[in-house]
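Here the structure comes first, spelled out in structure tokens, and everything after it is commentary.
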Amino acid sequence: MNFELSDEQRLLQEAARDALSRRPTVAAARDALDGGERLDLWDTAREAGWPGLLVGEEHGGAGLGALDAMLVAAECGRVLASASLLGHVPATALLDATDDGQGERLEHLAEGEARAAFVPARPPSHLDPEWTVEAQRGHRRRPAPRLDAAGRLSGTVWWVPDAPGADLLVVAALDDEGSPAVVVVEDGAHIEPVTRYDATRSLGHVQLDGAAGERLDAGEDRLRSAWYLAQGLIAAESLGAVEAALEMSVSYAKERFTFGRPIGSYQAVKHALVEVLRLAENARALVYYAGWARQDAPAEFALAASAARVAAGKALDFASRELISVHGGIGATWEHDAPLYFRRAQLSRRLLGGDAGAADRVAEELLEAAGQAA
Amino acid sequence: MDLNDTPEQAEYRARVRSWLEEHRDEAPVLGGRHRIADQEEAVAAHRAWQRKLAEAGFVGVAWPKEYGGQELGPLEQVIVNQEINRAGVPGILDAIGVGMLAPTIIAHGTEEQKQRYLAPMLHADEVWCQLFSEPAAGSDLAGIQSRARREPDGSWRLSGQKVWTTNAQIASFGLLLARTDPDVPKHKGLTVFIVPMDAEGVTVRGLRQITGEAEFNEVFFDDVHLASDAPVGAVDGGWKTALTTLMFERLTIGGGSEGMGYRADRFAQAIASDEAAAADPDVRQRLGEVSTDLLALRFMGYRLLTAIQRGQIPGPEAGLGKVTAVNAAIRAGDLVGDVLGPEALADGEWSYLISFLPGLKSAGGTEEILRNTVGERVLGLPPEPRLDKGIPFSELRAKERDYTGTVAATAGAAGATR
């Protein structure tokens, strides 16, 4: 029994924290809201070797596992860093999983000379039997892009993380027979950059009006796995943000006095902060589970990554509100960092199928298993 | 990360599993429709089952060999528990004695006490109970009022009342916390005693709960005579002794939620059998959220086991798992109940679960006291100012009365100004 990080993983974590500490990420998050440019940390990511985390060593990558990528994502989330990993890592994982001569392309991507973005589609479920993508607005999801017999893609995918500026897109699509297909697009996609509420996230509306695609020899399982990898990464980012929010809240609760004593001595405040800790530890256990399952129990990966997303999303939602409350009025001002974490929570919970979609997937997986057992 | 056993652990697990497979038919049925209805018969059968497990070497796995244990690690004990769960047979009758009280005696007792009490406990010839909580002292355990006075010949006289005592009605002995010096601050004048439950002046009364069953007892002590060798650990040093018990209690409760049967798949099974519910987005949403918490518990449990295997002692944060377990199980019970309708409240599995959980919330310490402990010891938040610090126990009552008077006067004054 060993369900803890290895020494190497702790080193990876520390190195990431150290590398990110040299950049003013949180201040930049506010500047970007005020019209400044988003602080793009791709150069930091390259120096640290993050673009190749999930690329095999034979292609110049680090050949590490999902948990390692999630640990780096958590460190990014902790300081609201924008390092394009949410788009790049699942894309490279998909390419790495195919056998058909992606070597040279992977080497560029692992080096960080080129950047990829995963254009995701949500796998079918009992309630929604289609592969679907985010809609521009509203509750109804849109069908995944179509790949015709001539190898041309059509369709639009909204709110794609890290799509603007990507050198290539790895698109989850359906072929003319309705089977899932992994398609690489280098040119011809129209990407409209968008930011919403949390200016640290680079999002894009991806329009594929007949863009030429290169279909990869990757099966449906791989495509599903990429979706859940994205779920696991966003969960890890949220967990990191929760850790930071808790630390800020606790340190303020120790130094702010009312009625002659620190506010952290009052049960009302103390219990709320312990609740943040409880939610964070639940999320951490599930982030580890997801990272472990992708390699060691692939049949559980959908369940694990979705559960991690639900737990971490809930934790960040609560932690970011509590961060504001503990600080009182000052916590809700533009100058304070608390609203930046609140913005992160508000956008994250609505991306990539949403936290609610992940909760439905947890139910789906358990109900399926229960049905099979009966 | 590796959830697999080491080769040695795998070998041990295989040994436990094959023994259980071979002896499964000898295990008594203590739950469900086919359980042994007669209480006394059920206890006798449970005793016999613990004896069999003990003879096979699966009780007190981590105890020293000289007292009948196997001197293996805590992880081997966990393996035994896991295999017992897997086999669907009952665990031991005296989990409290073997898991919490014996380690206290081993740590603080005299050699005579160890020789006299441990082996009969292991074989369930003598069952034990824990006599700590009182009607007016639970979370604030050091506030207990049961009083033991020393006689000129060195023996003791005990009077007082204990409550929430599991197994008191069948116990031969209890480990009891009493006040031996009221004139010092409350943590200082306490002593732990071994009390024979058949002594004159001991009265046990069943305490029925919401479920309708009496899982606990009240125990009354009316001038009970205890021999001079009854104390465990130092006289007036009982708080330290009691903390050992509480630490093992945490170890027993932590990571035990799956053992209690609060598993995500169990609730999913109940919902999956109702087609309309399984396709209802709201039901699925609630199931997904509650299952997430239950899954988190399983993997927090693995982290806890890893720590134990590395020789670390779990800190108070392990107690947060109980908060998650109880509250998730409450929500899951509500969900299954909502799906099944009033029929869920008919006597049986779900009605029992729904009724059992409100009380479990306070078991092993209330949520509020646990959050205080974790807030102060893990997050490092400052404690609340205390009114009892450094004050002799005998003066506390008067101080509490003063406080009540002040509060009443303040409220009166506020009323008058309105």
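Residue numbers start at 1 in each chain; chains themselves are named A, B, ... in the order of the structure tokens; ligands are numbered from 1 in the order shown.
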Just list the residues in segment 24-139 of chain A DSSP gives alpha helix (DSSP H) on the backbone, as a ChimeraX atom specification. /A:25-33,42-48,66-78,85-96,103-111
Next, dump the selected residues to file, keeping only C-alpha atoms, as a PDB file, in the first residue's frame.
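The new file out_19.pdb reads:
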```pdb
ATOM      1  CA  THR A  25       1.174  35.848 -11.876  1.00  0.00           C
ATOM      2  CA  VAL A  26      -1.484  37.078  -9.453  1.00  0.00           C
ATOM      3  CA  ALA A  27      -0.813  40.765 -10.088  1.00  0.00           C
ATOM      4  CA  ALA A  28      -0.878  39.996 -13.801  1.00  0.00           C
ATOM      5  CA  ALA A  29      -4.300  38.408 -13.400  1.00  0.00           C
ATOM      6  CA  ARG A  30      -5.620  41.784 -12.221  1.00  0.00           C
ATOM      7  CA  ASP A  31      -3.748  43.764 -14.895  1.00  0.00           C
ATOM      8  CA  ALA A  32      -5.241  41.583 -17.567  1.00  0.00           C
ATOM      9  CA  LEU A  33      -8.718  42.411 -16.275  1.00  0.00           C
ATOM     10  CA  TRP A  42       4.690  29.245 -22.037  1.00  0.00           C
ATOM     11  CA  ASP A  43       8.349  30.203 -21.745  1.00  0.00           C
ATOM     12  CA  THR A  44       8.358  29.159 -18.081  1.00  0.00           C
ATOM     13  CA  ALA A  45       6.623  25.925 -19.043  1.00  0.00           C
ATOM     14  CA  ARG A  46       9.245  25.266 -21.732  1.00  0.00           C
ATOM     15  CA  GLU A  47      12.176  25.871 -19.407  1.00  0.00           C
ATOM     16  CA  ALA A  48      10.625  23.480 -16.900  1.00  0.00           C
ATOM     17  CA  ALA A  66      -1.194  11.918 -15.500  1.00  0.00           C
ATOM     18  CA  LEU A  67      -0.594  12.554 -11.808  1.00  0.00           C
ATOM     19  CA  ASP A  68       2.649  14.362 -12.563  1.00  0.00           C
ATOM     20  CA  ALA A  69       0.878  16.648 -15.036  1.00  0.00           C
ATOM     21  CA  MET A  70      -1.857  17.214 -12.487  1.00  0.00           C
ATOM     22  CA  LEU A  71       0.662  18.198  -9.825  1.00  0.00           C
ATOM     23  CA  VAL A  72       2.083  20.832 -12.158  1.00  0.00           C
ATOM     24  CA  ALA A  73      -1.439  22.008 -12.997  1.00  0.00           C
ATOM     25  CA  ALA A  74      -2.146  22.356  -9.274  1.00  0.00           C
ATOM     26  CA  GLU A  75       0.894  24.576  -8.851  1.00  0.00           C
ATOM     27  CA  CYS A  76      -0.288  26.717 -11.773  1.00  0.00           C
ATOM     28  CA  GLY A  77      -3.749  26.922 -10.228  1.00  0.00           C
ATOM     29  CA  ARG A  78      -2.300  27.988  -6.906  1.00  0.00           C
ATOM     30  CA  LEU A  85      -1.368  23.086 -20.155  1.00  0.00           C
ATOM     31  CA  LEU A  86      -5.104  22.431 -20.079  1.00  0.00           C
ATOM     32  CA  GLY A  87      -5.147  22.544 -23.875  1.00  0.00           C
ATOM     33  CA  HIS A  88      -1.670  21.227 -24.621  1.00  0.00           C
ATOM     34  CA  VAL A  89      -1.344  18.220 -22.295  1.00  0.00           C
ATOM     35  CA  PRO A  90      -4.433  16.248 -23.406  1.00  0.00           C
ATOM     36  CA  ALA A  91      -3.572  17.021 -27.050  1.00  0.00           C
ATOM     37  CA  THR A  92      -0.048  15.622 -26.702  1.00  0.00           C
ATOM     38  CA  ALA A  93      -1.324  12.620 -24.737  1.00  0.00           C
ATOM     39  CA  LEU A  94      -3.621  11.784 -27.642  1.00  0.00           C
ATOM     40  CA  LEU A  95      -0.858  12.151 -30.227  1.00  0.00           C
ATOM     41  CA  ASP A  96       1.519  10.096 -28.129  1.00  0.00           C
ATOM     42  CA  GLY A 103       7.341  11.293 -33.965  1.00  0.00           C
ATOM     43  CA  GLU A 104       8.627  14.518 -35.448  1.00  0.00           C
ATOM     44  CA  ARG A 105       5.505  16.452 -34.572  1.00  0.00           C
ATOM     45  CA  LEU A 106       5.671  15.141 -31.007  1.00  0.00           C
ATOM     46  CA  GLU A 107       9.280  16.177 -30.647  1.00  0.00           C
ATOM     47  CA  HIS A 108       8.394  19.761 -31.530  1.00  0.00           C
ATOM     48  CA  LEU A 109       5.478  19.709 -29.136  1.00  0.00           C
ATOM     49  CA  ALA A 110       7.504  18.107 -26.346  1.00  0.00           C
ATOM     50  CA  GLU A 111      10.204  20.754 -26.806  1.00  0.00           C
TER      51      GLU A 111
END
```
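Residues of chain B having any atom within 6 Å of chain A, counting only C-alpha atoms, are B:Met1, B:Asp2, B:Leu3, B:Asn4, B:Asp5, B:Ala268, B:Gln269, B:Ala272, B:Arg284, B:Gln285, B:Leu287, B:Gly288, B:Glu289, B:Thr292, B:Ala296, B:Phe299, B:Met300, B:Tyr302, B:Arg303, B:Thr306, B:Arg371, B:Gly375, B:Leu381, B:Pro382, B:Pro383, B:Glu384.
Neighbouring residues of Thr324 of chain B at 8 Å or closer, counting only C-alpha atoms and skipping chain neighbours under 5 positions away, are A:Arg278, B:Asp293, B:Leu294, B:Leu297.
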What's the 7 Å shell around Glu192 of chain A, counting only C-alpha atoms, without same-chain residues fewer than 4 positions away, as a PyMOL selection string? chain A and resi 204-206
Residues as selected, N, CA and C atoms, written as a PDB file, in the first residue's frame, can you do that?
```pdb
ATOM      1  N   GLY A 204     -11.008  30.052 -26.740  1.00  0.00           N
ATOM      2  CA  GLY A 204     -11.261  30.349 -28.150  1.00  0.00           C
ATOM      3  C   GLY A 204     -12.510  29.651 -28.644  1.00  0.00           C
ATOM      4  N   HIS A 205     -13.253  30.372 -29.503  1.00  0.00           N
ATOM      5  CA  HIS A 205     -14.334  29.726 -30.240  1.00  0.00           C
ATOM      6  C   HIS A 205     -13.709  29.197 -31.534  1.00  0.00           C
ATOM      7  N   VAL A 206     -13.784  27.885 -31.719  1.00  0.00           N
ATOM      8  CA  VAL A 206     -13.088  27.267 -32.852  1.00  0.00           C
ATOM      9  C   VAL A 206     -14.095  26.917 -33.944  1.00  0.00           C
TER      10      VAL A 206
END
```
Identify all residues of segment 111-267 of chain A in strand (DSSP E) (DSSP on the backbone) and supply them as a PyMOL selection string. chain A and resi 116-119+132-133+142-143+146-147+152-161+168-175+180-185+190-194+203-212+214-216+257-258+261-262
Contacts of Gly178 of chain A within 10 Å, only C-alpha atoms, excl. fewer than 3 positions in-chain, as an mmCIF file with C-alpha atoms, in the first residue's frame:
```cif
data_model
loop_
_atom_site.group_PDB
_atom_site.id
_atom_site.type_symbol
_atom_site.label_atom_id
_atom_site.label_comp_id
_atom_site.auth_asym_id
_atom_site.auth_seq_id
_atom_site.Cartn_x
_atom_site.Cartn_y
_atom_site.Cartn_z
ATOM 1 C CA GLU A 130 -24.218 11.827 -28.461
ATOM 2 C CA TRP A 131 -20.680 13.167 -28.472
ATOM 3 C CA ARG A 146 -18.027 16.220 -38.431
ATOM 4 C CA LEU A 147 -15.261 14.747 -40.539
ATOM 5 C CA ALA A 173 -14.870 14.667 -34.101
ATOM 6 C CA LEU A 174 -17.281 12.178 -35.619
ATOM 7 C CA ASP A 175 -16.698 10.648 -39.042
ATOM 8 C CA ALA A 181 -12.323 10.249 -34.711
#
```
Give me, please, the distance in Å between atom CA of Met248 of chain A and atom CA of Gly353 of chain A, quoted to one decimal. 29.6 Å
